[in-house]
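With CSV, C-alpha atoms inside, this is run.csv:
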```
chain,number,residue,atom,x,y,z
L,1,MET,CA,11.7,-20.2,-77.7
L,2,GLU,CA,10.1,-21.1,-74.3
L,3,GLU,CA,12.4,-21.1,-71.4
L,4,ILE,CA,12.4,-24.1,-69.1
L,5,VAL,CA,12.5,-23.3,-65.3
L,6,TYR,CA,12.4,-25.5,-62.2
L,7,LEU,CA,10.4,-25.3,-59.1
L,8,THR,CA,12.0,-27.1,-56.1
L,9,LEU,CA,10.1,-27.7,-52.8
L,10,GLN,CA,11.6,-27.8,-49.4
L,11,ASN,CA,10.8,-31.5,-49.2
L,12,GLY,CA,13.0,-32.2,-52.2
L,13,GLN,CA,10.3,-32.6,-54.9
L,14,SER,CA,11.1,-30.8,-58.2
L,15,PHE,CA,8.9,-29.7,-61.1
L,16,GLN,CA,9.7,-28.5,-64.6
L,17,GLY,CA,7.7,-25.7,-66.1
L,18,LYS,CA,7.9,-22.8,-68.6
L,19,ARG,CA,8.6,-19.2,-67.7
L,20,PHE,CA,6.4,-16.2,-68.2
L,21,GLY,CA,6.6,-12.8,-66.6
L,22,ALA,CA,10.0,-11.7,-65.3
L,23,THR,CA,13.3,-13.5,-65.5
L,24,GLY,CA,15.5,-14.4,-62.5
L,25,GLU,CA,15.2,-16.7,-59.5
L,26,ILE,CA,13.2,-16.4,-56.3
L,27,VAL,CA,12.7,-18.2,-52.9
L,28,GLY,CA,9.4,-17.9,-51.1
L,29,GLU,CA,6.7,-19.8,-49.1
L,30,ILE,CA,4.5,-21.8,-51.5
L,31,VAL,CA,0.8,-21.5,-50.9
L,32,PHE,CA,-2.4,-22.1,-53.0
L,33,ALA,CA,-5.4,-19.9,-53.8
L,34,THR,CA,-8.7,-21.5,-54.9
L,35,ALA,CA,-10.6,-18.6,-56.4
L,36,MET,CA,-11.9,-19.1,-60.0
L,37,THR,CA,-11.8,-15.4,-60.7
L,38,GLY,CA,-10.1,-12.4,-59.1
L,39,TYR,CA,-6.5,-13.2,-60.0
L,40,LEU,CA,-5.8,-9.4,-60.1
L,41,GLU,CA,-7.0,-9.1,-56.5
L,42,THR,CA,-4.8,-12.0,-55.5
L,43,LEU,CA,-1.7,-10.6,-57.2
L,44,THR,CA,-2.1,-7.2,-55.5
L,45,ASP,CA,-3.2,-8.4,-52.0
L,46,PRO,CA,-0.3,-7.4,-49.7
L,47,SER,CA,-1.0,-10.4,-47.5
L,48,TYR,CA,0.8,-12.5,-50.1
L,49,HIS,CA,4.1,-10.8,-49.4
L,50,GLY,CA,6.9,-13.3,-49.5
L,51,GLN,CA,4.8,-16.1,-50.9
L,52,ILE,CA,4.8,-18.1,-54.2
L,53,VAL,CA,1.1,-18.4,-55.1
L,54,ILE,CA,-0.3,-21.5,-56.9
L,55,GLN,CA,-3.6,-20.5,-58.7
L,56,THR,CA,-5.7,-23.7,-58.6
L,57,PHE,CA,-8.1,-22.7,-61.3
L,58,PRO,CA,-6.4,-23.9,-64.5
L,59,LEU,CA,-6.8,-20.9,-66.9
L,60,ILE,CA,-5.6,-17.5,-65.6
L,61,GLY,CA,-5.4,-14.1,-67.4
L,62,ASN,CA,-8.3,-14.4,-69.7
L,63,TYR,CA,-9.7,-10.9,-68.9
L,64,GLY,CA,-6.4,-9.2,-68.9
L,65,VAL,CA,-5.1,-6.6,-66.4
L,66,ILE,CA,-7.5,-3.9,-65.1
L,67,SER,CA,-5.9,-1.5,-62.7
L,68,HIS,CA,-9.3,-0.5,-61.2
L,69,ASP,CA,-9.5,-4.0,-59.7
L,70,PHE,CA,-6.2,-3.8,-57.9
L,71,GLU,CA,-6.1,-4.1,-54.1
L,72,SER,CA,-2.8,-2.1,-53.9
L,73,LEU,CA,-0.6,-0.2,-56.2
L,74,LYS,CA,1.6,-3.1,-57.1
L,75,PRO,CA,1.7,-6.9,-56.8
L,76,SER,CA,3.0,-8.4,-53.5
L,77,VAL,CA,3.4,-12.0,-54.5
L,78,SER,CA,7.0,-13.3,-54.8
L,79,ALA,CA,6.1,-15.5,-57.8
L,80,TYR,CA,3.0,-16.9,-59.6
L,81,ILE,CA,2.3,-20.4,-60.7
L,82,VAL,CA,-0.6,-21.3,-63.1
L,83,ARG,CA,-1.5,-24.3,-65.2
L,84,GLU,CA,-2.1,-22.1,-68.2
L,85,HIS,CA,-1.9,-18.4,-68.8
L,86,CYS,CA,-3.9,-16.6,-71.5
L,87,GLY,CA,-1.7,-14.7,-73.9
L,88,THR,CA,-4.7,-13.3,-75.8
L,89,PRO,CA,-7.1,-11.9,-73.2
L,90,SER,CA,-10.4,-10.2,-74.2
L,91,ASN,CA,-12.2,-7.7,-72.1
L,92,PHE,CA,-13.4,-4.1,-72.8
L,93,ARG,CA,-11.9,-2.9,-69.6
L,94,MET,CA,-8.4,-4.5,-70.0
L,95,GLU,CA,-5.3,-2.3,-70.2
L,96,SER,CA,-2.6,-5.0,-70.8
L,97,ASP,CA,-2.1,-8.8,-70.5
L,98,LEU,CA,-0.9,-10.8,-67.5
L,99,ASP,CA,2.6,-11.6,-69.0
L,100,SER,CA,3.4,-8.0,-69.6
L,101,TYR,CA,2.1,-7.0,-66.2
L,102,LEU,CA,4.3,-9.5,-64.4
L,103,LYS,CA,7.3,-8.4,-66.5
L,104,GLN,CA,6.7,-4.7,-65.6
L,105,ASN,CA,6.6,-5.5,-61.9
L,106,ASN,CA,9.5,-8.0,-61.9
L,107,ILE,CA,7.3,-10.9,-60.8
L,108,ILE,CA,8.4,-14.4,-62.0
L,109,GLY,CA,5.7,-16.7,-63.4
L,110,ILE,CA,5.6,-20.4,-64.2
L,111,TYR,CA,3.0,-22.2,-66.4
L,112,GLY,CA,2.8,-25.7,-67.7
L,113,ILE,CA,2.9,-27.3,-64.2
L,114,ASP,CA,0.3,-29.7,-62.9
L,115,THR,CA,-1.1,-27.3,-60.4
L,116,ARG,CA,-3.7,-29.9,-59.2
L,117,TYR,CA,-0.9,-32.3,-58.1
L,118,LEU,CA,1.2,-29.5,-56.7
L,119,THR,CA,-1.8,-28.2,-54.6
L,120,LYS,CA,-2.3,-31.8,-53.3
L,121,ILE,CA,1.3,-31.8,-52.0
L,122,VAL,CA,0.9,-28.6,-50.2
L,123,ARG,CA,-2.5,-29.8,-48.7
L,124,GLU,CA,-0.9,-33.0,-47.5
L,125,SER,CA,2.5,-31.7,-46.4
L,126,GLY,CA,1.7,-28.2,-45.5
L,127,VAL,CA,3.1,-24.9,-46.7
L,128,MET,CA,6.9,-24.9,-47.2
L,129,ALA,CA,9.7,-23.0,-48.8
L,130,ALA,CA,10.2,-23.3,-52.5
L,131,LYS,CA,12.6,-21.9,-55.2
L,132,ILE,CA,12.2,-21.1,-58.8
L,133,SER,CA,15.5,-21.5,-60.7
L,134,ALA,CA,16.9,-21.8,-64.1
L,135,LYS,CA,18.7,-25.1,-63.2
L,136,PRO,CA,17.7,-27.9,-60.8
L,137,LEU,CA,18.9,-27.3,-57.2
L,138,GLU,CA,21.8,-29.3,-55.9
L,139,SER,CA,21.2,-28.4,-52.2
L,140,LEU,CA,18.1,-27.7,-50.1
L,141,GLU,CA,19.9,-25.6,-47.5
L,142,GLU,CA,18.6,-22.3,-48.7
L,143,LEU,CA,15.0,-23.6,-48.6
L,144,GLN,CA,15.5,-25.1,-45.1
L,145,GLN,CA,16.7,-21.7,-43.8
L,146,PHE,CA,14.1,-19.5,-45.4
L,147,ALA,CA,11.6,-17.6,-43.4
L,148,ILE,CA,9.4,-14.5,-44.1
L,149,ARG,CA,10.6,-11.6,-41.8
L,150,ASN,CA,9.4,-8.1,-41.2
L,151,ALA,CA,6.6,-8.6,-43.6
L,152,ILE,CA,4.3,-5.8,-42.4
L,153,GLN,CA,7.1,-3.3,-42.5
L,154,ALA,CA,7.6,-4.1,-46.1
L,155,VAL,CA,4.0,-3.5,-47.2
L,156,THR,CA,2.7,-0.7,-45.0
L,157,CYS,CA,2.3,2.9,-46.2
L,158,LYS,CA,5.2,5.2,-45.5
L,159,GLU,CA,3.1,8.3,-44.4
L,160,VAL,CA,-0.5,9.2,-43.5
L,161,ILE,CA,-2.8,9.2,-46.5
L,162,VAL,CA,-6.3,10.8,-46.2
L,163,HIS,CA,-9.3,9.4,-48.1
L,164,GLY,CA,-12.8,10.9,-48.2
L,165,LYS,CA,-11.8,14.2,-46.8
L,166,GLY,CA,-14.6,16.1,-45.1
L,167,ASN,CA,-16.8,13.1,-44.4
L,168,ALA,CA,-18.5,12.8,-41.0
L,169,HIS,CA,-16.7,10.0,-39.2
L,170,LYS,CA,-12.9,10.2,-38.6
L,171,ILE,CA,-11.5,6.7,-38.8
L,172,ALA,CA,-7.9,5.6,-38.6
L,173,VAL,CA,-7.0,2.6,-40.7
L,174,TRP,CA,-3.9,1.1,-39.2
L,175,ASP,CA,-2.2,-0.2,-42.3
L,176,PHE,CA,-0.6,-3.6,-41.9
L,177,GLY,CA,-0.9,-4.3,-45.6
L,178,SER,CA,-4.4,-2.8,-46.3
L,179,LYS,CA,-6.5,-3.7,-49.2
L,180,ASN,CA,-8.1,-0.8,-51.2
L,181,ASN,CA,-11.6,-2.1,-50.7
L,182,ILE,CA,-11.4,-1.8,-46.9
L,183,ILE,CA,-10.9,1.9,-47.3
L,184,ALA,CA,-13.5,2.1,-50.1
L,185,GLU,CA,-16.1,0.5,-47.8
L,186,LEU,CA,-15.4,3.1,-45.1
L,187,VAL,CA,-15.5,6.1,-47.4
L,188,GLN,CA,-18.8,4.8,-48.8
L,189,ARG,CA,-20.1,5.0,-45.3
L,190,ASN,CA,-19.3,8.7,-44.8
L,191,CYS,CA,-15.9,8.2,-43.2
L,192,GLU,CA,-12.9,10.4,-43.5
L,193,VAL,CA,-10.2,7.8,-43.5
L,194,TYR,CA,-6.7,8.3,-42.2
L,195,GLN,CA,-4.5,5.5,-43.5
L,196,VAL,CA,-1.6,5.4,-41.0
L,197,PRO,CA,1.7,3.4,-41.2
L,198,ALA,CA,2.2,0.3,-39.1
L,199,PHE,CA,5.1,2.0,-37.3
L,200,TYR,CA,2.8,4.7,-35.8
L,201,THR,CA,2.5,4.7,-32.1
L,202,ALA,CA,-0.7,4.7,-30.1
L,203,GLU,CA,-0.1,8.3,-29.1
L,204,GLN,CA,0.3,9.4,-32.8
L,205,ILE,CA,-2.9,7.7,-33.7
L,206,LEU,CA,-4.8,9.3,-30.8
L,207,ASP,CA,-3.4,12.7,-31.8
L,208,LEU,CA,-5.5,12.4,-35.0
L,209,HIS,CA,-8.6,12.7,-32.7
L,210,ILE,CA,-10.3,9.7,-34.4
L,211,ASP,CA,-13.8,8.3,-33.9
L,212,GLY,CA,-12.8,4.7,-34.6
L,213,LEU,CA,-9.9,2.4,-35.5
L,214,MET,CA,-9.7,-0.2,-38.2
L,215,LEU,CA,-7.0,-2.9,-38.0
L,216,THR,CA,-6.3,-4.2,-41.5
L,217,ASN,CA,-5.1,-7.4,-43.0
L,218,GLY,CA,-1.4,-8.0,-43.6
L,219,PRO,CA,1.3,-10.7,-44.2
L,220,GLY,CA,3.5,-12.7,-42.0
L,221,ASP,CA,3.5,-14.1,-38.4
L,222,PRO,CA,1.4,-12.0,-36.1
L,223,GLU,CA,3.5,-12.8,-33.0
L,224,GLU,CA,6.5,-11.2,-34.7
L,225,ASN,CA,4.9,-7.7,-34.3
L,226,SER,CA,5.6,-7.1,-30.6
L,227,THR,CA,5.8,-3.3,-30.9
L,228,ILE,CA,2.5,-3.0,-32.8
L,229,ILE,CA,0.9,-5.3,-30.2
L,230,ALA,CA,2.2,-3.1,-27.3
L,231,ASN,CA,0.8,0.0,-29.0
L,232,LEU,CA,-2.5,-1.7,-29.7
L,233,ARG,CA,-3.0,-2.4,-26.0
L,234,LYS,CA,-2.9,1.3,-25.3
L,235,LEU,CA,-5.7,1.9,-27.8
L,236,ILE,CA,-8.2,-0.7,-26.4
L,237,ASN,CA,-11.3,1.0,-25.0
L,238,LYS,CA,-10.2,4.4,-26.3
L,239,VAL,CA,-12.4,4.2,-29.5
L,240,PRO,CA,-14.5,1.5,-31.2
L,241,ILE,CA,-12.2,-1.0,-33.0
L,242,PHE,CA,-12.8,-3.3,-35.9
L,243,GLY,CA,-10.1,-5.8,-36.9
L,244,ILE,CA,-9.8,-7.8,-40.2
L,245,CYS,CA,-7.5,-10.8,-40.8
L,246,MET,CA,-4.1,-9.8,-39.4
L,247,GLY,CA,-5.9,-7.1,-37.4
L,248,HIS,CA,-8.0,-9.9,-35.9
L,249,GLN,CA,-4.9,-11.8,-34.9
L,250,LEU,CA,-3.0,-8.8,-33.5
L,251,PHE,CA,-6.0,-7.7,-31.4
L,252,ALA,CA,-6.3,-11.2,-29.9
L,253,LEU,CA,-2.6,-11.2,-29.0
L,254,ALA,CA,-3.0,-7.7,-27.4
L,255,MET,CA,-5.8,-9.2,-25.3
L,256,GLY,CA,-3.5,-12.0,-24.1
L,257,GLY,CA,-4.7,-14.6,-26.7
L,258,LYS,CA,-2.5,-17.0,-28.7
L,259,THR,CA,-2.1,-17.6,-32.4
L,260,ALA,CA,-0.8,-20.7,-34.3
L,261,LYS,CA,0.4,-21.4,-37.9
L,262,MET,CA,-2.1,-23.5,-39.9
L,263,LYS,CA,-1.0,-26.4,-42.0
L,264,TYR,CA,-2.0,-24.8,-45.3
L,265,GLY,CA,-4.3,-21.9,-44.3
L,266,HIS,CA,-7.4,-20.6,-46.0
L,267,ARG,CA,-7.0,-18.8,-49.3
L,268,GLY,CA,-10.0,-18.4,-51.6
L,269,VAL,CA,-13.4,-16.9,-52.0
L,270,ASN,CA,-15.5,-19.9,-51.0
L,271,GLN,CA,-14.8,-20.4,-47.3
L,272,PRO,CA,-18.0,-21.1,-45.2
L,273,VAL,CA,-18.2,-19.3,-41.8
L,274,LYS,CA,-20.9,-19.9,-39.3
L,275,ASP,CA,-22.4,-17.1,-37.1
L,276,LEU,CA,-22.7,-18.7,-33.7
L,277,LYS,CA,-25.2,-16.0,-32.6
L,278,THR,CA,-27.7,-16.6,-35.4
L,279,GLY,CA,-26.7,-20.0,-36.8
L,280,ARG,CA,-26.5,-18.6,-40.3
L,281,VAL,CA,-23.6,-19.7,-42.6
L,282,TYR,CA,-22.0,-17.2,-44.9
L,283,ILE,CA,-19.6,-17.7,-47.8
L,284,SER,CA,-16.5,-15.6,-47.3
L,285,SER,CA,-13.2,-14.6,-48.9
L,286,GLN,CA,-10.1,-15.4,-47.0
L,287,ASN,CA,-6.3,-15.2,-47.2
L,288,HIS,CA,-4.4,-16.3,-44.1
L,289,GLY,CA,-2.0,-18.9,-42.8
L,290,TYR,CA,-2.4,-18.3,-39.0
L,291,GLN,CA,-5.3,-18.6,-36.7
L,292,VAL,CA,-6.4,-17.4,-33.3
L,293,GLN,CA,-6.7,-20.3,-30.9
L,294,SER,CA,-10.3,-20.0,-29.7
L,295,ALA,CA,-9.7,-21.3,-26.1
L,296,SER,CA,-7.1,-18.6,-25.5
L,297,ILE,CA,-9.6,-15.7,-25.7
L,298,GLU,CA,-12.5,-17.2,-23.7
L,299,LYS,CA,-11.9,-15.0,-20.7
L,300,VAL,CA,-11.8,-11.7,-22.6
L,301,GLY,CA,-14.0,-12.2,-25.7
L,302,LYS,CA,-16.9,-14.2,-27.1
L,303,LEU,CA,-16.3,-16.5,-30.1
L,304,ARG,CA,-18.8,-15.2,-32.8
L,305,PHE,CA,-17.8,-17.0,-36.1
L,306,ILE,CA,-16.2,-20.4,-36.8
L,307,ASN,CA,-15.1,-22.0,-40.0
L,308,ALA,CA,-17.7,-24.5,-41.1
L,309,ASN,CA,-15.1,-26.8,-42.6
L,310,ASP,CA,-12.6,-27.1,-39.7
L,311,ASN,CA,-14.2,-25.2,-36.8
L,312,THR,CA,-11.2,-22.7,-36.5
L,313,CYS,CA,-11.8,-19.3,-35.1
L,314,GLU,CA,-13.3,-16.8,-37.6
L,315,GLY,CA,-14.5,-13.9,-35.5
L,316,ILE,CA,-14.5,-12.7,-31.9
L,317,ASP,CA,-16.7,-10.1,-30.2
L,318,TYR,CA,-15.3,-8.1,-27.3
L,319,PRO,CA,-18.4,-6.3,-25.9
L,320,GLU,CA,-16.6,-5.0,-22.8
L,321,TYR,CA,-14.0,-3.4,-24.9
L,322,ASN,CA,-16.1,-1.9,-27.7
L,323,ALA,CA,-14.4,-4.0,-30.3
L,324,PHE,CA,-14.9,-7.0,-32.7
L,325,THR,CA,-12.7,-8.7,-35.1
L,326,VAL,CA,-13.0,-11.2,-38.0
L,327,GLN,CA,-10.6,-13.5,-39.7
L,328,PHE,CA,-12.2,-13.3,-43.1
L,329,HIS,CA,-12.5,-10.4,-45.6
L,330,PRO,CA,-16.0,-8.7,-45.5
L,331,GLU,CA,-14.8,-6.1,-48.1
L,332,ALA,CA,-13.6,-8.7,-50.6
L,333,CYS,CA,-13.6,-8.2,-54.4
L,334,SER,CA,-13.6,-10.5,-56.3
L,335,GLY,CA,-15.5,-12.7,-53.9
L,336,PRO,CA,-18.8,-12.8,-52.0
L,337,LYS,CA,-20.3,-9.7,-50.5
L,338,ASP,CA,-22.3,-11.5,-47.9
L,339,LEU,CA,-20.6,-10.0,-44.9
L,340,ALA,CA,-20.3,-6.3,-45.9
L,341,PHE,CA,-22.9,-5.6,-43.1
L,342,LEU,CA,-20.0,-5.8,-40.6
L,343,PHE,CA,-18.9,-2.4,-41.8
L,344,ASP,CA,-22.3,-1.1,-40.9
L,345,ARG,CA,-22.0,-2.6,-37.5
L,346,PHE,CA,-18.7,-0.8,-37.0
L,347,ILE,CA,-20.2,2.5,-38.0
L,348,ASP,CA,-23.1,2.0,-35.6
L,349,MET,CA,-20.6,1.5,-32.8
L,350,VAL,CA,-18.7,4.7,-33.9
L,351,VAL,CA,-22.0,6.8,-34.0
L,352,GLN,CA,-23.1,5.5,-30.6
L,353,ASN,CA,-19.7,6.2,-29.1
L,354,LYS,CA,-19.7,9.7,-30.5
L,355,GLY,CA,-23.1,10.3,-29.0
L,356,GLY,CA,-21.8,9.5,-25.5
L,357,ARG,CA,-19.1,12.1,-25.6
```

Would you kindly transcribe this structure into C-alpha cells?
Amino acid sequence: MEEIVYLTLQNGQSFQGKRFGATGEIVGEIVFATAMTGYLETLTDPSYHGQIVIQTFPLIGNYGVISHDFESLKPSVSAYIVREHCGTPSNFRMESDLDSYLKQNNIIGIYGIDTRYLTKIVRESGVMAAKISAKPLESLEELQQFAIRNAIQAVTCKEVIVHGKGNAHKIAVWDFGSKNNIIAELVQRNCEVYQVPAFYTAEQILDLHIDGLMLTNGPGDPEENSTIIANLRKLINKVPIFGICMGHQLFALAMGGKTAKMKYGHRGVNQPVKDLKTGRVYISSQNHGYQVQSASIEKVGKLRFINANDNTCEGIDYPEYNAFTVQFHPEACSGPKDLAFLFDRFIDMVVQNKGGR
C-alpha cells in the first residue's frame, strides 16, 4: 500500500504526496533543478548538501542507476521530489532502480506532487525551509529556525587522495565538495591531482610542491568559511589558480569582494552565459544559490562572464594574480560541454608558470 507523506513549506503551504525511497522525516532547504536528464549527477552533486531537490522534469528514473555517472560516492541531497518516478527502468548500463538506490542511501523521496506548481512557488517566494513528515505539521517553528551550517566540512574528503599518479603537472584540488568530473578533466590533461581536504592550511598545500591550484564547487554560504578564506589569501600569486562555483565565490571573498544569496539560484543544464571578451554566448550547467556581487571586485578583477538571463556575475579574470574563476560548471555531465576549454586555459597558465621557474 502506498504511504501518504506531507511536504510543508516555511510559508505554511502544505502538499500531500506518496513516499518512495527511504522512510523517516527530514528538514531541508527546498530548491529546484531544471535538467531533463542527469538525475544521477544531481543526486550525487555535493553542492546539494542540506537541500530538498525538486526535479522539474516530470518523469525521473527511466534509465535506472549507473554508478559510473555519479559525481561522488554517495548522494548529498536531503530528499528528492519528483512528479513521477519510473519503477521499471530500462538501460543496458543500469545496475539498479532509483527507489532501491534511495533506500540504500537513506534518502527520502516523494512522488505524486504537482512539481510544476511547487516550482512556481519557489520561483515567486524564493528558496525556503521545508519538511517531509508522516503527518501534517502543527507548528512552523522548526522550519523558521532551520539553516544549513558547516556544509563544506560535511562533504569534503578526509585525507589526501592522489589521482593520475606520475602525470606531468602537479595540481592540488582543494575539495569543498568536489565533483568527480573536475578531477577527470584534469587527469585527462596530464595532471597528477592531489585532492586535499577543505581543512588543509595554505602551508600544507604548498608543502605538496604543486604547479597549480583548483578551487572546487561546494555547498552552503561562502561567507561562513572564514578559515578557508584566510588560507586562500596566503595562496594567491603563489601558483596559477582556477576556481569553480564555490571556489569562484571564495576567491572573490579572499580578494575583498562580496557575495549575496539569490532568490532561487541557478540549478540546471541550460543556463546561458555571455563571454564579455568575445561576445559569444555559451550554454552552461550550474548549481548555486549565491552570487558574487560584480561591483565588489572591480578594483581587483575583470568581469569576464555574465548570465544572459539576469546579468549576474558568472566569471572573473584576475590577470595580475595569475587566476580566473567561473560560477558555472565547465566539467559538467550530464550537461553541455561548451566550456571545457577553460581547463585548457588553466593548464596553459600552469605550463607558462613552470617555464618561468

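Considering the residues L:Ala252, L:Leu208, L:Cys245, L:Ala35 and counting all atoms listed in the file, Phe57 of chain L has its shortest atom-to-atom contact with L:Ala35.
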
Determine, for each residue of segment 187-240 of chain L having at least one atom at most 12 Å from an atom of segment 253-258 of chain L, the closest pair of atoms and their separation in Å to one decimal, counting all atoms listed in the file; order by chain and ascending number, as a Markdown table.
```
| residue | atom | partner | partner_atom | distance |
| --- | --- | --- | --- | --- |
| L:Asp221 | CA | L:Leu253 | CA | 11.6 |
| L:Pro222 | CA | L:Leu253 | CA | 8.2 |
| L:Glu223 | CA | L:Leu253 | CA | 7.5 |
| L:Glu224 | CA | L:Leu253 | CA | 10.7 |
| L:Asn225 | CA | L:Leu253 | CA | 9.8 |
| L:Ser226 | CA | L:Ala254 | CA | 9.2 |
| L:Thr227 | CA | L:Ala254 | CA | 10.4 |
| L:Ile228 | CA | L:Ala254 | CA | 9.0 |
| L:Ile229 | CA | L:Ala254 | CA | 5.4 |
| L:Ala230 | CA | L:Ala254 | CA | 6.9 |
| L:Asn231 | CA | L:Ala254 | CA | 8.7 |
| L:Leu232 | CA | L:Ala254 | CA | 6.4 |
| L:Arg233 | CA | L:Ala254 | CA | 5.5 |
| L:Lys234 | CA | L:Ala254 | CA | 9.2 |
| L:Leu235 | CA | L:Ala254 | CA | 10.0 |
| L:Ile236 | CA | L:Ala254 | CA | 8.8 |
| L:Asn237 | CA | L:Met255 | CA | 11.6 |
```

Go ahead and save the picked residues with C-alpha atoms, as a PDB file, keeping the file's coordinate frame.
```pdb
ATOM      1  CA  ASP L 221       3.500 -14.100 -38.400  1.00  0.00           C
ATOM      2  CA  PRO L 222       1.400 -12.000 -36.100  1.00  0.00           C
ATOM      3  CA  GLU L 223       3.500 -12.800 -33.000  1.00  0.00           C
ATOM      4  CA  GLU L 224       6.500 -11.200 -34.700  1.00  0.00           C
ATOM      5  CA  ASN L 225       4.900  -7.700 -34.300  1.00  0.00           C
ATOM      6  CA  SER L 226       5.600  -7.100 -30.600  1.00  0.00           C
ATOM      7  CA  THR L 227       5.800  -3.300 -30.900  1.00  0.00           C
ATOM      8  CA  ILE L 228       2.500  -3.000 -32.800  1.00  0.00           C
ATOM      9  CA  ILE L 229       0.900  -5.300 -30.200  1.00  0.00           C
ATOM     10  CA  ALA L 230       2.200  -3.100 -27.300  1.00  0.00           C
ATOM     11  CA  ASN L 231       0.800   0.000 -29.000  1.00  0.00           C
ATOM     12  CA  LEU L 232      -2.500  -1.700 -29.700  1.00  0.00           C
ATOM     13  CA  ARG L 233      -3.000  -2.400 -26.000  1.00  0.00           C
ATOM     14  CA  LYS L 234      -2.900   1.300 -25.300  1.00  0.00           C
ATOM     15  CA  LEU L 235      -5.700   1.900 -27.800  1.00  0.00           C
ATOM     16  CA  ILE L 236      -8.200  -0.700 -26.400  1.00  0.00           C
ATOM     17  CA  ASN L 237     -11.300   1.000 -25.000  1.00  0.00           C
TER      18      ASN L 237
END
```

Counting all atoms listed in the file, select every polymer residue within 10 Å of (-21.8, -3.9, -46.5) as defined in the file's coordinates, and provide the selection as a ChimeraX atom specification.
/L:185-186,188-189,330-331,337-345

Go through segment 47-76 of chain L residue by residue and, counting all atoms listed in the file, keep those with an atom at most 12 Å from segment 288-293 of chain L; for each kept residue give the shortest atom pair and its distance in Å to one decimal, ordered by chain and increasing number, as a Markdown table.
```
| residue | atom | partner | partner_atom | distance |
| --- | --- | --- | --- | --- |
| L:Ser47 | CA | L:His288 | CA | 7.6 |
| L:Tyr48 | CA | L:His288 | CA | 8.8 |
| L:His49 | CA | L:His288 | CA | 11.4 |
| L:Gln51 | CA | L:Gly289 | CA | 10.9 |
```

Based on the selection just made, write C-alpha atoms of those residues as an mmCIF file, keeping the file's coordinate frame.
```
data_model
loop_
_atom_site.group_PDB
_atom_site.id
_atom_site.type_symbol
_atom_site.label_atom_id
_atom_site.label_comp_id
_atom_site.auth_asym_id
_atom_site.auth_seq_id
_atom_site.Cartn_x
_atom_site.Cartn_y
_atom_site.Cartn_z
ATOM 1 C CA SER L 47 -1.000 -10.400 -47.500
ATOM 2 C CA TYR L 48 0.800 -12.500 -50.100
ATOM 3 C CA HIS L 49 4.100 -10.800 -49.400
ATOM 4 C CA GLN L 51 4.800 -16.100 -50.900
#
```

Shortest interatomic distance to Asp114 of chain L - which of L:Tyr101, L:Phe146, L:Tyr321, L:Phe15, counting all atoms listed in the file:
L:Phe15

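Restricting the calculation to only C-alpha atoms, the smallest distance between Ile110 of chain L and any of L:Gly17, L:Pro319, L:Gly164, L:Gly268 is found for L:Gly17.
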
Since fewer atoms than expected are present, regenerate N, CA and C atoms for segment 289-300 of chain L and write them as a PDB file, in the frame of the given file.
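Okay, out11.pdb is ready:
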```
ATOM      1  N   GLY L 289      -2.661 -17.655 -43.135  1.00  0.00           N
ATOM      2  CA  GLY L 289      -2.000 -18.900 -42.800  1.00  0.00           C
ATOM      3  C   GLY L 289      -1.834 -19.088 -41.301  1.00  0.00           C
ATOM      4  N   TYR L 290      -2.381 -18.156 -40.500  1.00  0.00           N
ATOM      5  CA  TYR L 290      -2.400 -18.300 -39.000  1.00  0.00           C
ATOM      6  C   TYR L 290      -3.781 -18.170 -38.520  1.00  0.00           C
ATOM      7  N   GLN L 291      -4.004 -18.704 -37.326  1.00  0.00           N
ATOM      8  CA  GLN L 291      -5.300 -18.600 -36.700  1.00  0.00           C
ATOM      9  C   GLN L 291      -5.193 -18.234 -35.245  1.00  0.00           C
ATOM     10  N   VAL L 292      -6.254 -17.618 -34.737  1.00  0.00           N
ATOM     11  CA  VAL L 292      -6.400 -17.400 -33.300  1.00  0.00           C
ATOM     12  C   VAL L 292      -6.859 -18.650 -32.649  1.00  0.00           C
ATOM     13  N   GLN L 293      -6.223 -19.069 -31.577  1.00  0.00           N
ATOM     14  CA  GLN L 293      -6.700 -20.300 -30.900  1.00  0.00           C
ATOM     15  C   GLN L 293      -7.855 -19.864 -29.977  1.00  0.00           C
ATOM     16  N   SER L 294      -9.003 -20.431 -30.293  1.00  0.00           N
ATOM     17  CA  SER L 294     -10.300 -20.000 -29.700  1.00  0.00           C
ATOM     18  C   SER L 294     -10.232 -20.058 -28.155  1.00  0.00           C
ATOM     19  N   ALA L 295      -9.663 -21.102 -27.596  1.00  0.00           N
ATOM     20  CA  ALA L 295      -9.700 -21.300 -26.100  1.00  0.00           C
ATOM     21  C   ALA L 295      -8.861 -20.164 -25.448  1.00  0.00           C
ATOM     22  N   SER L 296      -7.936 -19.541 -26.172  1.00  0.00           N
ATOM     23  CA  SER L 296      -7.100 -18.600 -25.500  1.00  0.00           C
ATOM     24  C   SER L 296      -7.734 -17.212 -25.295  1.00  0.00           C
ATOM     25  N   ILE L 297      -8.932 -16.989 -25.876  1.00  0.00           N
ATOM     26  CA  ILE L 297      -9.600 -15.700 -25.700  1.00  0.00           C
ATOM     27  C   ILE L 297     -10.922 -15.820 -24.926  1.00  0.00           C
ATOM     28  N   GLU L 298     -11.200 -16.992 -24.380  1.00  0.00           N
ATOM     29  CA  GLU L 298     -12.500 -17.200 -23.700  1.00  0.00           C
ATOM     30  C   GLU L 298     -12.763 -16.266 -22.572  1.00  0.00           C
ATOM     31  N   LYS L 299     -11.732 -15.830 -21.849  1.00  0.00           N
ATOM     32  CA  LYS L 299     -11.900 -15.000 -20.700  1.00  0.00           C
ATOM     33  C   LYS L 299     -12.133 -13.512 -21.036  1.00  0.00           C
ATOM     34  N   VAL L 300     -11.758 -13.118 -22.249  1.00  0.00           N
ATOM     35  CA  VAL L 300     -11.800 -11.700 -22.600  1.00  0.00           C
ATOM     36  C   VAL L 300     -12.777 -11.407 -23.771  1.00  0.00           C
TER      37      VAL L 300
END
```
